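Down below is the structure, laid out as C-alpha cells.
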Amino acid sequence: MKEIIPIACDHAGYELKEVVIGFLAQHDIDVKDFGTFSSESVDYPDFAHQVGRAINNGEYRRGIVICGSGNGVQMTVNKYPNVRCALC
C-alpha cells in the first residue's frame, strides 16, 4: 500500500507548502492536504491539529506541518501523545 503524507500550514507557510506538494508529486508521493489553501490570515492550530490528530490516531505514519517560524505548528502537534515533531 502506498504511503500518503498529510500536510498542513498556516498562511505564512502556504507558498512553501505548495512547493513541497509539487516536489512530492514529482517523486510520486501522494499527500493529504489539510490546508490552509491561500495566504489569507488564519489560526495555524486549526490546521496543525488536523495533522497531529490523524497521526496520533494511526491514520498516517508521518506528516509535514509548516508555519512562518515552524515553532507554533511544532508545539501544536507535539501535544498529541503519539506524535514527535521536530523543527527542521
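To be explicit about the labels: the chains of the C-alpha cells are called A, B, and onward in the order shown, and within each one the residues are counted from 1, while ligands get numbers from 1 in the order they are shown.
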Legend entry - DSSP strand (DSSP E or B) selection over segment 26-69 of chain A, as a ChimeraX atom specification: /A:30-33,64-66
Set out as a Markdown table a contact list for segment 37-57 of chain A and segment 4-14 of chain A with a cut-off of 7 Å, giving each residue of segment 37-57 of chain A that qualifies its closest atom pair and distance in Å to one decimal, counting only C-alpha atoms, ordered by chain and rising residue number.
```
| residue | atom | partner | partner_atom | distance |
| --- | --- | --- | --- | --- |
| A:Ser38 | CA | A:Tyr14 | CA | 6.2 |
| A:Ser39 | CA | A:His11 | CA | 4.3 |
| A:Glu40 | CA | A:His11 | CA | 5.7 |
| A:Ser41 | CA | A:His11 | CA | 5.4 |
| A:Val42 | CA | A:His11 | CA | 6.1 |
| A:Asp43 | CA | A:Asp10 | CA | 6.9 |
| A:Tyr44 | CA | A:Asp10 | CA | 4.7 |
| A:Phe47 | CA | A:Ala8 | CA | 5.7 |
| A:Ala48 | CA | A:Ala8 | CA | 6.0 |
| A:Val51 | CA | A:Pro6 | CA | 6.2 |
```
I need the residues from that last selection saved to file as a compact mmCIF listing (two decimals), in the first residue's frame (with all heavy atoms), if you can.
```
# COMPACT_ATOMS: atom_id res chain seq x y z
N SER A 38 -4.72 29.20 1.02
CA SER A 38 -4.36 30.53 0.50
C SER A 38 -3.43 31.20 1.50
O SER A 38 -3.17 30.66 2.57
CB SER A 38 -5.61 31.39 0.28
OG SER A 38 -6.09 31.89 1.51
N SER A 39 -2.97 32.38 1.15
CA SER A 39 -2.10 33.13 2.05
C SER A 39 -2.88 34.11 2.92
O SER A 39 -2.30 34.96 3.59
CB SER A 39 -1.01 33.85 1.26
OG SER A 39 -1.59 34.70 0.30
N GLU A 40 -4.22 33.99 2.94
CA GLU A 40 -5.03 34.83 3.82
C GLU A 40 -4.84 34.40 5.27
O GLU A 40 -4.73 33.22 5.57
CB GLU A 40 -6.51 34.74 3.44
CG GLU A 40 -6.81 35.38 2.10
CD GLU A 40 -8.29 35.36 1.78
OE1 GLU A 40 -9.12 35.45 2.73
OE2 GLU A 40 -8.61 35.24 0.59
N SER A 41 -4.84 35.35 6.17
CA SER A 41 -4.55 35.11 7.58
C SER A 41 -5.50 34.06 8.18
O SER A 41 -6.72 34.11 7.98
CB SER A 41 -4.68 36.42 8.36
OG SER A 41 -4.32 36.21 9.70
N VAL A 42 -4.90 33.10 8.91
CA VAL A 42 -5.65 32.04 9.58
C VAL A 42 -5.00 31.75 10.94
O VAL A 42 -3.89 32.19 11.22
CB VAL A 42 -5.67 30.73 8.76
CG1 VAL A 42 -6.41 30.90 7.45
CG2 VAL A 42 -4.27 30.21 8.52
N ASP A 43 -5.69 30.98 11.75
CA ASP A 43 -5.13 30.50 13.02
C ASP A 43 -4.48 29.15 12.75
O ASP A 43 -5.16 28.16 12.46
CB ASP A 43 -6.23 30.34 14.07
CG ASP A 43 -6.82 31.67 14.50
OD1 ASP A 43 -6.07 32.67 14.48
OD2 ASP A 43 -8.01 31.71 14.84
N TYR A 44 -3.15 29.10 12.85
CA TYR A 44 -2.41 27.89 12.50
C TYR A 44 -2.85 26.63 13.25
O TYR A 44 -2.83 25.55 12.68
CB TYR A 44 -0.90 28.10 12.65
CG TYR A 44 -0.43 28.27 14.07
CD1 TYR A 44 -0.14 27.16 14.87
CD2 TYR A 44 -0.30 29.53 14.63
CE1 TYR A 44 0.27 27.32 16.18
CE2 TYR A 44 0.11 29.69 15.94
CZ TYR A 44 0.39 28.58 16.70
OH TYR A 44 0.79 28.74 18.00
N PHE A 47 -5.23 24.04 11.56
CA PHE A 47 -4.72 23.16 10.51
C PHE A 47 -3.72 22.16 11.06
O PHE A 47 -3.73 20.99 10.69
CB PHE A 47 -4.14 23.99 9.38
CG PHE A 47 -5.15 24.95 8.82
CD1 PHE A 47 -5.23 26.25 9.28
CD2 PHE A 47 -6.07 24.52 7.88
CE1 PHE A 47 -6.19 27.13 8.80
CE2 PHE A 47 -7.05 25.38 7.40
CZ PHE A 47 -7.11 26.69 7.86
N ALA A 48 -2.87 22.60 11.97
CA ALA A 48 -1.86 21.70 12.56
C ALA A 48 -2.53 20.59 13.36
O ALA A 48 -2.09 19.43 13.32
CB ALA A 48 -0.91 22.49 13.44
N VAL A 51 -3.47 17.46 11.30
CA VAL A 51 -2.36 16.54 11.01
C VAL A 51 -1.97 15.78 12.28
O VAL A 51 -1.81 14.56 12.28
CB VAL A 51 -1.15 17.28 10.42
CG1 VAL A 51 0.06 16.35 10.30
CG2 VAL A 51 -1.50 17.86 9.06
```
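Interatomic distance, atom CA of Glu3 of chain A to atom CA of Leu24 of chain A: 11.7 Å.
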Inset, instruction - Calculate how many Å separate atom CA of Ala86 of chain A from atom CA of Tyr60 of chain A, rounding to one decimal. - result: 16.8 Å
Inset, instruction - Could you please determine the separation between atom CA of Ile66 of chain A and atom CA of Asn82 of chain A in Å, to one decimal place? - result: 19.1 Å
Inset, instruction - Give me every alpha helix (DSSP H) residue in chain A, going by DSSP on the backbone, as a ChimeraX atom specification. - result: /A:14-26,44-56,71-77
Got time to write the residues from that selection, C-alpha atoms, as a CSV table (one decimal), in the first residue's frame?
```
chain,number,residue,atom,x,y,z
A,14,TYR,CA,1.2,28.5,2.2
A,15,GLU,CA,3.7,29.2,-0.6
A,16,LEU,CA,6.3,26.7,0.8
A,17,LYS,CA,3.6,24.1,1.3
A,18,GLU,CA,2.7,24.3,-2.4
A,19,VAL,CA,6.4,23.9,-3.3
A,20,VAL,CA,6.7,20.8,-1.1
A,21,ILE,CA,3.5,19.3,-2.5
A,22,GLY,CA,4.9,19.8,-6.0
A,23,PHE,CA,8.2,18.2,-5.0
A,24,LEU,CA,6.5,15.2,-3.5
A,25,ALA,CA,4.3,14.8,-6.6
A,26,GLN,CA,7.4,14.8,-8.8
A,44,TYR,CA,-2.4,27.9,12.5
A,45,PRO,CA,-3.6,25.5,15.2
A,46,ASP,CA,-6.8,24.8,13.2
A,47,PHE,CA,-4.7,23.2,10.5
A,48,ALA,CA,-1.9,21.7,12.6
A,49,HIS,CA,-4.3,19.9,14.9
A,50,GLN,CA,-5.8,18.0,11.9
A,51,VAL,CA,-2.4,16.5,11.0
A,52,GLY,CA,-1.4,15.8,14.7
A,53,ARG,CA,-4.8,14.1,15.4
A,54,ALA,CA,-4.6,12.0,12.2
A,55,ILE,CA,-1.1,10.8,13.1
A,56,ASN,CA,-1.9,10.3,16.7
A,71,ASN,CA,7.6,26.7,16.2
A,72,GLY,CA,3.8,27.2,16.5
A,73,VAL,CA,2.9,24.1,14.5
A,74,GLN,CA,5.6,22.1,16.1
A,75,MET,CA,4.2,22.8,19.6
A,76,THR,CA,0.7,22.2,18.5
A,77,VAL,CA,1.2,18.7,17.0
```
